[in-house]
>>> print(open('structure23.pdb').read())   # PDB, C-alpha atoms and all ligand atoms
MODEL        1
ATOM      1  CA  MET T 292      71.737  21.727  13.268  1.00  0.00           C
ATOM      2  CA  PRO T 293      73.935  18.574  13.326  1.00  0.00           C
ATOM      3  CA  THR T 294      77.466  18.577  14.758  1.00  0.00           C
ATOM      4  CA  LEU T 295      80.050  16.311  13.145  1.00  0.00           C
ATOM      5  CA  TYR T 296      83.151  15.298  15.098  1.00  0.00           C
ATOM      6  CA  GLY T 297      86.284  14.170  13.274  1.00  0.00           C
ATOM      7  CA  VAL T 298      89.093  15.454  11.071  1.00  0.00           C
ATOM      8  CA  TYR T 299      88.917  15.027   7.293  1.00  0.00           C
ATOM      9  CA  ARG T 300      91.639  12.351   7.357  1.00  0.00           C
ATOM     10  CA  SER T 301      89.350   9.804   8.974  1.00  0.00           C
ATOM     11  CA  ARG T 302      86.070   8.077   8.197  1.00  0.00           C
ATOM     12  CA  ALA T 303      84.506  11.508   8.819  1.00  0.00           C
ATOM     13  CA  SER T 304      85.238  11.883   5.077  1.00  0.00           C
ATOM     14  CA  ARG T 305      82.051   9.875   4.472  1.00  0.00           C
ATOM     15  CA  PRO T 306      79.538  12.191   6.178  1.00  0.00           C
ATOM     16  CA  LEU T 307      81.523  15.239   5.029  1.00  0.00           C
ATOM     17  CA  TRP T 308      81.072  14.151   1.405  1.00  0.00           C
ATOM     18  CA  LEU T 309      77.330  13.663   1.981  1.00  0.00           C
ATOM     19  CA  LEU T 310      77.003  17.039   3.733  1.00  0.00           C
ATOM     20  CA  PHE T 311      78.813  18.791   0.869  1.00  0.00           C
ATOM     21  CA  GLU T 312      76.566  17.032  -1.652  1.00  0.00           C
ATOM     22  CA  CYS T 313      73.389  18.340  -0.022  1.00  0.00           C
ATOM     23  CA  GLY T 314      74.714  21.692   1.195  1.00  0.00           C
ATOM     24  CA  ALA T 315      73.268  21.245   4.696  1.00  0.00           C
ATOM     25  CA  ASP T 316      74.486  23.513   7.495  1.00  0.00           C
ATOM     26  CA  PHE T 317      76.489  21.738  10.181  1.00  0.00           C
ATOM     27  CA  ASP T 318      79.022  22.416  12.906  1.00  0.00           C
ATOM     28  CA  HIS T 319      82.355  20.692  12.392  1.00  0.00           C
ATOM     29  CA  VAL T 320      84.490  19.794  15.412  1.00  0.00           C
ATOM     30  CA  PRO T 321      87.820  18.458  14.066  1.00  0.00           C
ATOM     31  CA  VAL T 322      88.702  15.760  16.613  1.00  0.00           C
ATOM     32  CA  VAL T 323      92.009  14.040  15.687  1.00  0.00           C
ATOM     33  CA  GLN T 324      92.990  10.390  16.258  1.00  0.00           C
ATOM     34  CA  ALA T 325      95.069  10.251  19.470  1.00  0.00           C
ATOM     35  CA  TYR T 326      97.457   7.714  17.918  1.00  0.00           C
ATOM     36  CA  ARG T 327      98.385  10.217  15.192  1.00  0.00           C
ATOM     37  CA  LEU T 328      99.618  12.796  17.663  1.00  0.00           C
ATOM     38  CA  PRO T 329     101.902  14.671  17.906  1.00  0.00           C
ATOM     39  CA  GLY T 330     102.653  14.356  14.158  1.00  0.00           C
ATOM     40  CA  ALA T 331      99.117  15.273  13.047  1.00  0.00           C
ATOM     41  CA  ALA T 332      98.719  18.192  15.466  1.00  0.00           C
ATOM     42  CA  MET T 333      96.840  21.012  13.738  1.00  0.00           C
ATOM     43  CA  PRO T 334      96.416  24.636  14.721  1.00  0.00           C
ATOM     44  CA  GLY T 335      93.078  25.123  16.445  1.00  0.00           C
ATOM     45  CA  VAL T 336      92.446  21.381  16.909  1.00  0.00           C
ATOM     46  CA  THR T 337      92.219  20.882  20.647  1.00  0.00           C
ATOM     47  CA  LEU T 338      90.331  17.604  20.887  1.00  0.00           C
ATOM     48  CA  ALA T 339      91.675  14.084  20.313  1.00  0.00           C
ATOM     49  CA  THR T 340      89.818  10.792  20.370  1.00  0.00           C
ATOM     50  CA  ASN T 341      91.038  10.228  23.959  1.00  0.00           C
ATOM     51  CA  SER T 342      90.062  13.706  25.248  1.00  0.00           C
ATOM     52  CA  PRO T 343      87.585  13.460  28.151  1.00  0.00           C
ATOM     53  CA  ASP T 344      85.291  15.987  26.444  1.00  0.00           C
ATOM     54  CA  PHE T 345      85.108  13.823  23.305  1.00  0.00           C
ATOM     55  CA  LEU T 346      84.688  10.575  25.271  1.00  0.00           C
ATOM     56  CA  THR T 347      81.421  11.990  26.593  1.00  0.00           C
ATOM     57  CA  VAL T 348      80.250  12.033  22.943  1.00  0.00           C
ATOM     58  CA  ASN T 349      81.681   8.639  21.914  1.00  0.00           C
ATOM     59  CA  PRO T 350      82.876   6.541  24.851  1.00  0.00           C
ATOM     60  CA  GLN T 351      84.593   4.252  22.309  1.00  0.00           C
ATOM     61  CA  GLY T 352      86.969   7.108  21.497  1.00  0.00           C
ATOM     62  CA  GLN T 353      86.607   6.915  17.717  1.00  0.00           C
ATOM     63  CA  ILE T 354      85.656   9.314  14.963  1.00  0.00           C
ATOM     64  CA  PRO T 355      83.389  10.216  13.308  1.00  0.00           C
ATOM     65  CA  ALA T 356      80.550  10.931  15.703  1.00  0.00           C
ATOM     66  CA  LEU T 357      77.459  12.996  15.045  1.00  0.00           C
ATOM     67  CA  THR T 358      75.024  14.715  17.358  1.00  0.00           C
ATOM     68  CA  ASP T 359      71.730  16.175  16.205  1.00  0.00           C
ATOM     69  CA  GLY T 360      69.546  17.342  19.066  1.00  0.00           C
ATOM     70  CA  ASP T 361      69.350  14.393  21.458  1.00  0.00           C
ATOM     71  CA  LEU T 362      70.515  11.919  18.818  1.00  0.00           C
ATOM     72  CA  VAL T 363      74.112  10.643  19.056  1.00  0.00           C
ATOM     73  CA  LEU T 364      75.517   8.429  16.279  1.00  0.00           C
ATOM     74  CA  THR T 365      78.980   6.855  16.246  1.00  0.00           C
ATOM     75  CA  GLU T 366      79.221   4.726  13.081  1.00  0.00           C
ATOM     76  CA  SER T 367      80.265   6.495   9.894  1.00  0.00           C
ATOM     77  CA  LEU T 368      77.967   4.605   7.520  1.00  0.00           C
ATOM     78  CA  GLY T 369      75.024   4.927   9.928  1.00  0.00           C
ATOM     79  CA  ILE T 370      75.748   8.650  10.082  1.00  0.00           C
ATOM     80  CA  VAL T 371      75.713   8.909   6.269  1.00  0.00           C
ATOM     81  CA  LEU T 372      72.394   7.055   6.051  1.00  0.00           C
ATOM     82  CA  TYR T 373      70.858   9.240   8.774  1.00  0.00           C
ATOM     83  CA  LEU T 374      72.049  12.504   7.205  1.00  0.00           C
ATOM     84  CA  ALA T 375      70.787  11.384   3.801  1.00  0.00           C
ATOM     85  CA  ARG T 376      67.318  10.775   5.223  1.00  0.00           C
ATOM     86  CA  ALA T 377      67.191  13.870   7.400  1.00  0.00           C
ATOM     87  CA  TYR T 378      68.892  16.428   5.161  1.00  0.00           C
ATOM     88  CA  GLY T 379      69.800  14.756   1.873  1.00  0.00           C
ATOM     89  CA  GLY T 380      66.639  15.124  -0.219  1.00  0.00           C
ATOM     90  CA  ALA T 381      67.081  12.873  -3.264  1.00  0.00           C
ATOM     91  CA  LEU T 382      70.342  11.505  -1.811  1.00  0.00           C
ATOM     92  CA  GLY T 383      68.200   9.665   0.723  1.00  0.00           C
ATOM     93  CA  PRO T 384      65.619   6.931   0.171  1.00  0.00           C
ATOM     94  CA  ALA T 385      62.298   7.742  -1.476  1.00  0.00           C
ATOM     95  CA  ASN T 386      60.492   4.679  -0.092  1.00  0.00           C
ATOM     96  CA  ASP T 387      60.936   1.508   1.978  1.00  0.00           C
ATOM     97  CA  ALA T 388      62.489  -0.408  -0.900  1.00  0.00           C
ATOM     98  CA  GLU T 389      65.162   2.255  -1.367  1.00  0.00           C
ATOM     99  CA  THR T 390      65.754   2.353   2.396  1.00  0.00           C
ATOM    100  CA  ALA T 391      66.358  -1.389   2.319  1.00  0.00           C
ATOM    101  CA  LEU T 392      68.701  -1.109  -0.662  1.00  0.00           C
ATOM    102  CA  MET T 393      70.743   1.677   0.927  1.00  0.00           C
ATOM    103  CA  GLU T 394      71.028  -0.279   4.164  1.00  0.00           C
ATOM    104  CA  GLN T 395      71.989  -3.398   2.230  1.00  0.00           C
ATOM    105  CA  TRP T 396      74.759  -1.643   0.324  1.00  0.00           C
ATOM    106  CA  ALA T 397      76.103   0.021   3.478  1.00  0.00           C
ATOM    107  CA  LEU T 398      76.226  -3.322   5.304  1.00  0.00           C
ATOM    108  CA  TRP T 399      77.762  -4.973   2.255  1.00  0.00           C
ATOM    109  CA  ALA T 400      80.424  -2.284   2.002  1.00  0.00           C
ATOM    110  CA  ALA T 401      81.242  -2.631   5.707  1.00  0.00           C
ATOM    111  CA  THR T 402      81.370  -6.421   5.755  1.00  0.00           C
ATOM    112  CA  ALA T 403      82.534  -7.514   2.269  1.00  0.00           C
ATOM    113  CA  VAL T 404      84.659  -4.595   1.099  1.00  0.00           C
ATOM    114  CA  GLU T 405      86.097  -2.398   3.835  1.00  0.00           C
ATOM    115  CA  THR T 406      88.412  -4.865   5.628  1.00  0.00           C
ATOM    116  CA  PRO T 407      90.149  -6.371   2.571  1.00  0.00           C
ATOM    117  CA  ALA T 408      90.310  -2.909   0.965  1.00  0.00           C
ATOM    118  CA  LEU T 409      92.047  -1.579   4.093  1.00  0.00           C
ATOM    119  CA  GLU T 410      94.445  -4.530   3.940  1.00  0.00           C
ATOM    120  CA  VAL T 411      95.320  -3.520   0.377  1.00  0.00           C
ATOM    121  CA  MET T 412      95.990   0.036   1.532  1.00  0.00           C
ATOM    122  CA  MET T 413      98.107  -1.056   4.508  1.00  0.00           C
ATOM    123  CA  ALA T 414     100.105  -3.809   2.742  1.00  0.00           C
ATOM    124  CA  PRO T 415     103.792  -3.343   3.551  1.00  0.00           C
ATOM    125  CA  GLN T 416     106.351  -2.754   0.794  1.00  0.00           C
ATOM    126  CA  GLY T 417     108.623  -5.579  -0.322  1.00  0.00           C
ATOM    127  CA  GLU T 418     108.255  -9.314  -0.868  1.00  0.00           C
ATOM    128  CA  MET T 419     106.115  -9.921   2.237  1.00  0.00           C
ATOM    129  CA  GLY T 420     103.903  -7.028   1.169  1.00  0.00           C
ATOM    130  CA  GLU T 421     103.411  -8.558  -2.282  1.00  0.00           C
ATOM    131  CA  ALA T 422     102.049 -11.747  -0.708  1.00  0.00           C
ATOM    132  CA  THR T 423      99.699  -9.801   1.613  1.00  0.00           C
ATOM    133  CA  LEU T 424      98.514  -7.695  -1.299  1.00  0.00           C
ATOM    134  CA  ALA T 425      97.737 -10.768  -3.394  1.00  0.00           C
ATOM    135  CA  VAL T 426      95.693 -12.353  -0.582  1.00  0.00           C
ATOM    136  CA  SER T 427      93.734  -9.160   0.115  1.00  0.00           C
ATOM    137  CA  ALA T 428      93.081  -8.524  -3.582  1.00  0.00           C
ATOM    138  CA  GLU T 429      91.762 -12.067  -3.936  1.00  0.00           C
ATOM    139  CA  LYS T 430      89.314 -11.423  -1.062  1.00  0.00           C
ATOM    140  CA  LEU T 431      87.955  -8.446  -2.994  1.00  0.00           C
ATOM    141  CA  ARG T 432      87.427 -10.208  -6.320  1.00  0.00           C
ATOM    142  CA  ARG T 433      84.066 -11.760  -5.450  1.00  0.00           C
ATOM    143  CA  PRO T 434      82.492  -8.539  -4.134  1.00  0.00           C
ATOM    144  CA  LEU T 435      84.024  -6.648  -7.048  1.00  0.00           C
ATOM    145  CA  ALA T 436      82.562  -9.122  -9.532  1.00  0.00           C
ATOM    146  CA  ARG T 437      79.160  -8.520  -7.964  1.00  0.00           C
ATOM    147  CA  LEU T 438      79.625  -4.758  -8.135  1.00  0.00           C
ATOM    148  CA  GLU T 439      80.736  -5.030 -11.766  1.00  0.00           C
ATOM    149  CA  LYS T 440      77.558  -6.915 -12.670  1.00  0.00           C
ATOM    150  CA  HIS T 441      75.405  -4.496 -10.674  1.00  0.00           C
ATOM    151  CA  LEU T 442      76.871  -1.488 -12.475  1.00  0.00           C
ATOM    152  CA  THR T 443      76.633  -2.966 -15.952  1.00  0.00           C
ATOM    153  CA  GLY T 444      73.764  -1.056 -17.541  1.00  0.00           C
ATOM    154  CA  GLN T 445      73.352   1.501 -14.745  1.00  0.00           C
ATOM    155  CA  ASP T 446      75.510   4.439 -13.708  1.00  0.00           C
ATOM    156  CA  HIS T 447      74.892   4.363  -9.955  1.00  0.00           C
ATOM    157  CA  MET T 448      74.127   1.974  -7.103  1.00  0.00           C
ATOM    158  CA  LEU T 449      70.450   2.878  -7.409  1.00  0.00           C
ATOM    159  CA  PRO T 450      69.307   3.058 -11.026  1.00  0.00           C
ATOM    160  CA  ARG T 451      67.649   6.456 -10.525  1.00  0.00           C
ATOM    161  CA  GLY T 452      70.956   8.281  -9.909  1.00  0.00           C
ATOM    162  CA  PHE T 453      73.592   9.267  -7.356  1.00  0.00           C
ATOM    163  CA  THR T 454      72.542   8.643  -3.731  1.00  0.00           C
ATOM    164  CA  ALA T 455      73.984   7.884  -0.314  1.00  0.00           C
ATOM    165  CA  ALA T 456      74.401   4.278  -1.502  1.00  0.00           C
ATOM    166  CA  ASP T 457      77.155   5.456  -3.852  1.00  0.00           C
ATOM    167  CA  ILE T 458      78.936   7.292  -1.029  1.00  0.00           C
ATOM    168  CA  VAL T 459      78.958   4.341   1.375  1.00  0.00           C
ATOM    169  CA  VAL T 460      80.284   1.885  -1.211  1.00  0.00           C
ATOM    170  CA  ALA T 461      82.715   4.287  -2.901  1.00  0.00           C
ATOM    171  CA  GLU T 462      84.261   5.319   0.405  1.00  0.00           C
ATOM    172  CA  CYS T 463      84.941   1.713   1.455  1.00  0.00           C
ATOM    173  CA  LEU T 464      86.297   0.713  -1.963  1.00  0.00           C
ATOM    174  CA  ARG T 465      88.546   3.796  -2.121  1.00  0.00           C
ATOM    175  CA  TYR T 466      91.058   2.094   0.181  1.00  0.00           C
ATOM    176  CA  ALA T 467      91.811  -0.473  -2.547  1.00  0.00           C
ATOM    177  CA  GLN T 468      92.429   2.106  -5.267  1.00  0.00           C
ATOM    178  CA  GLY T 469      96.181   2.035  -4.684  1.00  0.00           C
ATOM    179  CA  HIS T 470      96.378  -1.552  -5.961  1.00  0.00           C
ATOM    180  CA  PRO T 471      98.214  -1.371  -9.299  1.00  0.00           C
ATOM    181  CA  THR T 472      95.873  -3.602 -11.338  1.00  0.00           C
ATOM    182  CA  LEU T 473      92.898  -4.872  -9.320  1.00  0.00           C
ATOM    183  CA  LEU T 474      90.264  -2.324 -10.277  1.00  0.00           C
ATOM    184  CA  SER T 475      91.183  -2.521 -13.973  1.00  0.00           C
ATOM    185  CA  GLU T 476      89.846  -6.091 -13.900  1.00  0.00           C
ATOM    186  CA  PHE T 477      86.419  -4.535 -13.184  1.00  0.00           C
ATOM    187  CA  PRO T 478      86.038  -1.669 -15.672  1.00  0.00           C
ATOM    188  CA  GLN T 479      82.422  -0.748 -14.843  1.00  0.00           C
ATOM    189  CA  ALA T 480      83.201  -0.562 -11.122  1.00  0.00           C
ATOM    190  CA  LYS T 481      86.379   1.420 -11.788  1.00  0.00           C
ATOM    191  CA  ALA T 482      84.576   3.909 -14.045  1.00  0.00           C
ATOM    192  CA  TRP T 483      81.766   4.293 -11.480  1.00  0.00           C
ATOM    193  CA  LEU T 484      84.262   4.985  -8.662  1.00  0.00           C
ATOM    194  CA  GLU T 485      86.026   7.594 -10.786  1.00  0.00           C
ATOM    195  CA  ARG T 486      82.657   9.150 -11.683  1.00  0.00           C
ATOM    196  CA  CYS T 487      81.735   9.406  -8.002  1.00  0.00           C
ATOM    197  CA  GLN T 488      85.096  10.940  -7.141  1.00  0.00           C
ATOM    198  CA  ALA T 489      84.834  13.523  -9.937  1.00  0.00           C
ATOM    199  CA  ARG T 490      81.830  15.091  -8.198  1.00  0.00           C
ATOM    200  CA  PRO T 491      82.449  18.585  -6.787  1.00  0.00           C
ATOM    201  CA  ALA T 492      81.372  17.506  -3.279  1.00  0.00           C
ATOM    202  CA  PHE T 493      83.926  14.673  -3.222  1.00  0.00           C
ATOM    203  CA  GLN T 494      86.586  17.044  -4.553  1.00  0.00           C
ATOM    204  CA  LYS T 495      85.757  19.542  -1.790  1.00  0.00           C
ATOM    205  CA  MET T 496      86.063  16.819   0.852  1.00  0.00           C
ATOM    206  CA  TRP T 497      89.317  15.622  -0.718  1.00  0.00           C
ATOM    207  CA  ALA T 498      90.788  19.127  -0.717  1.00  0.00           C
ATOM    208  CA  GLY T 499      90.007  19.268   3.011  1.00  0.00           C
ATOM    209  CA  ARG T 500      91.888  16.005   3.536  1.00  0.00           C
ATOM    210  CA  MET T 501      94.877  17.165   1.545  1.00  0.00           C
ATOM    211  CA  ALA T 502      95.043  20.367   3.595  1.00  0.00           C
ATOM    212  CA  GLU T 503      95.580  18.321   6.773  1.00  0.00           C
ATOM    213  CA  PRO T 504      98.908  16.800   7.839  1.00  0.00           C
ATOM    214  CA  ALA T 505      99.255  13.151   6.667  1.00  0.00           C
TER     215      ALA T 505
HETATM  216  N1  LIG K 601      83.356   1.412  12.290  1.00  0.00           N
HETATM  217  C1  LIG K 601      83.716   2.736  12.698  1.00  0.00           C
HETATM  218  C2  LIG K 601      85.239   2.816  12.739  1.00  0.00           C
HETATM  219  C3  LIG K 601      85.695   4.141  13.330  1.00  0.00           C
HETATM  220  C4  LIG K 601      87.217   4.249  13.342  1.00  0.00           C
HETATM  221  O1  LIG K 601      87.959   3.238  13.326  1.00  0.00           O
HETATM  222  N2  LIG K 601      87.694   5.502  13.366  1.00  0.00           N
HETATM  223  C5  LIG K 601      89.120   5.747  13.400  1.00  0.00           C
HETATM  224  C6  LIG K 601      89.455   6.894  12.454  1.00  0.00           C
HETATM  225  S1  LIG K 601      89.029   6.515  10.767  1.00  0.00           S
HETATM  226  C7  LIG K 601      89.494   6.212  14.788  1.00  0.00           C
HETATM  227  O2  LIG K 601      88.788   6.978  15.406  1.00  0.00           O
HETATM  228  N3  LIG K 601      90.642   5.753  15.286  1.00  0.00           N
HETATM  229  C8  LIG K 601      91.139   6.162  16.557  1.00  0.00           C
HETATM  230  C9  LIG K 601      91.229   5.000  17.501  1.00  0.00           C
HETATM  231  O3  LIG K 601      90.714   3.919  17.174  1.00  0.00           O
HETATM  232  O4  LIG K 601      91.826   5.180  18.545  1.00  0.00           O
HETATM  233  C10 LIG K 601      83.110   3.741  11.723  1.00  0.00           C
HETATM  234  O5  LIG K 601      82.992   3.408  10.527  1.00  0.00           O
HETATM  235  O6  LIG K 601      82.746   4.845  12.141  1.00  0.00           O
ENDMDL
END
>>> encode(input="structure23.pdb", output="structure tokens")
Amino acid sequence: MPTLYGVYRSRASRPLWLLFECGADFDHVPVVQAYRLPGAAMPGVTLATNSPDFLTVNPQGQIPALTDGDLVLTESLGIVLYLARAYGGALGPANDAETALMEQWALWAATAVETPALEVMMAPQGEMGEATLAVSAEKLRRPLARLEKHLTGQDHMLPRGFTAADIVVAECLRYAQGHPTLLSEFPQAKAWLERCQARPAFQKMWAGRMAEPA
């Protein structure tokens, strides 16, 4: 049985969503980011990213991490793709072409979307923040235009239906959702993201996040 390390309020949200989608059994060890302590201290959570016991799992001191037998994985999107193949049934690839597409979309999300989307989320308030927000939003317009075209005429990243490819892209784009107008420029992408987030497994993951201290 796999063991997932990381609190809900982290990129562990990505594998947690996948695990809730497929209903696989797993052990959950809620390791918290050291930099969030003491504010994010939670009853029963004894490990932080700088705890020696966790550093034996991920020497980089970051969450999420996953162990499954002898396998140790320490990149959230790699963990999602692995879990989809090992436990996800139809959430995982059915053939080499789908494997390639899922890998492509995960790499695309990590390289073209995640950083500017995080910048949107972190933009400070006030006049300086407005300028940062505008620059970060502009960086997202090209990938969003591609996503918009891709989702015109199909409901999910793979035409056959919801898969791990939706989770990896939706979770990276989520950071930009707080922008007041950006996603409305891309109605197909916006509707797809909302569709993904309406799924019971996402809602279960989100409830877990909301139950943790911010
Ligand atoms: N590329 C990594 C990034 C992991 C990462 O930055 N994790 C954050 C939490 S979301 C973390 O552990 N931060 C604690 C730290 O860097 O000290 C992934 O996607 O798994």
>>> closest_atom_pairs(input="structure23.pdb", of="stretch 382-440 of chain T", to="stretch 454-460 of chain T", cutoff="6 Å", atoms="only C-alpha atoms", output="JSON lines")
{"residue": "T:Leu382", "atom": "CA", "partner": "T:Thr454", "partner_atom": "CA", "distance": 4.1}
{"residue": "T:Met393", "atom": "CA", "partner": "T:Ala456", "partner_atom": "CA", "distance": 5.1}
{"residue": "T:Ala397", "atom": "CA", "partner": "T:Val459", "partner_atom": "CA", "distance": 5.6}
{"residue": "T:Ala400", "atom": "CA", "partner": "T:Val460", "partner_atom": "CA", "distance": 5.3}
>>> atom_distance(input="structure23.pdb", atom1="atom CA of T:Ala401", atom2="atom CA of T:Pro329")
29.6 Å
>>> closest_residue(input="structure23.pdb", among="T:Ala381, T:Trp483, T:Tyr326, T:Gln494", to="T:Thr443", atoms="only C-alpha atoms")
T:Trp483
>>> residues_around(input="structure23.pdb", residues="stretch 418-434 of chain T", least_positions_apart="5", cutoff="12 Å", atoms="all atoms listed in the file", output="MDAnalysis selection string")
chainID T and resid 396 399:413 439:441 460 463:464 466:477 480
>>> closest_residue(input="structure23.pdb", among="T:Leu328, T:Leu368, T:Ala315, T:Val336", to="ligand LIG 601 (chain K)", atoms="only C-alpha atoms and all ligand atoms")
T:Leu368
>>> atom_distance(input="structure23.pdb", atom1="atom CA of T:Phe311", atom2="atom CA of T:Thr337")
24.0 Å
>>> atom_distance(input="structure23.pdb", atom1="atom CA of T:Asn386", atom2="atom CA of T:Ala492")
24.7 Å
>>> closest_residue(input="structure23.pdb", among="T:Glu485, T:Ala498, T:Arg490, T:Glu366", to="T:Asn349", atoms="only C-alpha atoms")
T:Glu366
>>> closest_residue(input="structure23.pdb", among="T:Met333, T:Cys313, T:Leu307, T:Leu484", to="T:Leu442", atoms="all atoms listed in the file")
T:Leu484
>>> closest_residue(input="structure23.pdb", among="T:Leu449, T:Val348, T:Leu310, T:Ala461", to="T:Thr365", atoms="all atoms listed in the file")
T:Val348
>>> residues_near_ligand(input="structure23.pdb", ligand="ligand LIG 601 (chain K)", cutoff="12 Å", atoms="all atoms listed in the file", output="JSON, numbers by chain")
{"T": [295, 296, 297, 298, 299, 300, 301, 302, 303, 304, 305, 306, 321, 322, 323, 324, 325, 326, 327, 328, 339, 340, 341, 342, 345, 346, 349, 350, 351, 352, 353, 354, 355, 356, 357, 364, 365, 366, 367, 368, 369, 370, 371, 397, 398, 400, 401, 402, 405, 406, 409, 459, 462, 463, 466]}
>>> residues_around(input="structure23.pdb", residues="T:Ala385", least_positions_apart="5", cutoff="10 Å", atoms="only C-alpha atoms", output="number ranges by chain")
T: 376, 380, 390
>>> write_last_selection(input="structure23.pdb", atoms="C-alpha atoms", output="PDB file, in the coordinates of the input")
ATOM      1  CA  ARG T 376      67.318  10.775   5.223  1.00  0.00           C
ATOM      2  CA  GLY T 380      66.639  15.124  -0.219  1.00  0.00           C
ATOM      3  CA  THR T 390      65.754   2.353   2.396  1.00  0.00           C
TER       4      THR T 390
END
>>> closest_residue(input="structure23.pdb", among="T:Arg437, T:Lys495, T:Arg465, T:Arg486", to="T:Glu312", atoms="only C-alpha atoms")
T:Lys495
>>> decode(input="structure23.pdb", residues="stretch 456-468 of chain T", atoms="N, CA and C atoms", output="compact mmCIF listing (two decimals), in the first residue's frame")
# COMPACT_ATOMS: atom_id res chain seq x y z
N ALA T 456 -4.43 13.54 -16.48
CA ALA T 456 -4.00 14.74 -17.22
C ALA T 456 -4.81 15.96 -16.77
N ASP T 457 -6.08 15.75 -16.46
CA ASP T 457 -6.90 16.87 -15.97
C ASP T 457 -6.41 17.33 -14.59
N ILE T 458 -6.05 16.37 -13.74
CA ILE T 458 -5.61 16.72 -12.39
C ILE T 458 -4.32 17.54 -12.44
N VAL T 459 -3.35 17.10 -13.24
CA VAL T 459 -2.06 17.80 -13.23
C VAL T 459 -2.20 19.22 -13.77
N VAL T 460 -3.01 19.41 -14.79
CA VAL T 460 -3.16 20.76 -15.35
C VAL T 460 -4.04 21.62 -14.44
N ALA T 461 -5.15 21.04 -13.98
CA ALA T 461 -6.08 21.82 -13.15
C ALA T 461 -5.41 22.29 -11.86
N GLU T 462 -4.57 21.43 -11.27
CA GLU T 462 -3.95 21.81 -10.01
C GLU T 462 -2.91 22.92 -10.19
N CYS T 463 -2.25 22.97 -11.33
CA CYS T 463 -1.29 24.07 -11.56
C CYS T 463 -2.02 25.36 -11.90
N LEU T 464 -3.10 25.25 -12.68
CA LEU T 464 -3.84 26.46 -13.07
C LEU T 464 -4.63 27.05 -11.90
N ARG T 465 -4.99 26.20 -10.94
CA ARG T 465 -5.79 26.67 -9.79
C ARG T 465 -5.18 27.91 -9.13
N TYR T 466 -3.86 28.00 -9.10
CA TYR T 466 -3.22 29.13 -8.43
C TYR T 466 -3.61 30.47 -9.05
N ALA T 467 -4.00 30.45 -10.33
CA ALA T 467 -4.32 31.72 -11.02
C ALA T 467 -5.80 32.07 -10.90
N GLN T 468 -6.57 31.22 -10.23
CA GLN T 468 -8.02 31.43 -10.21
C GLN T 468 -8.44 32.70 -9.47
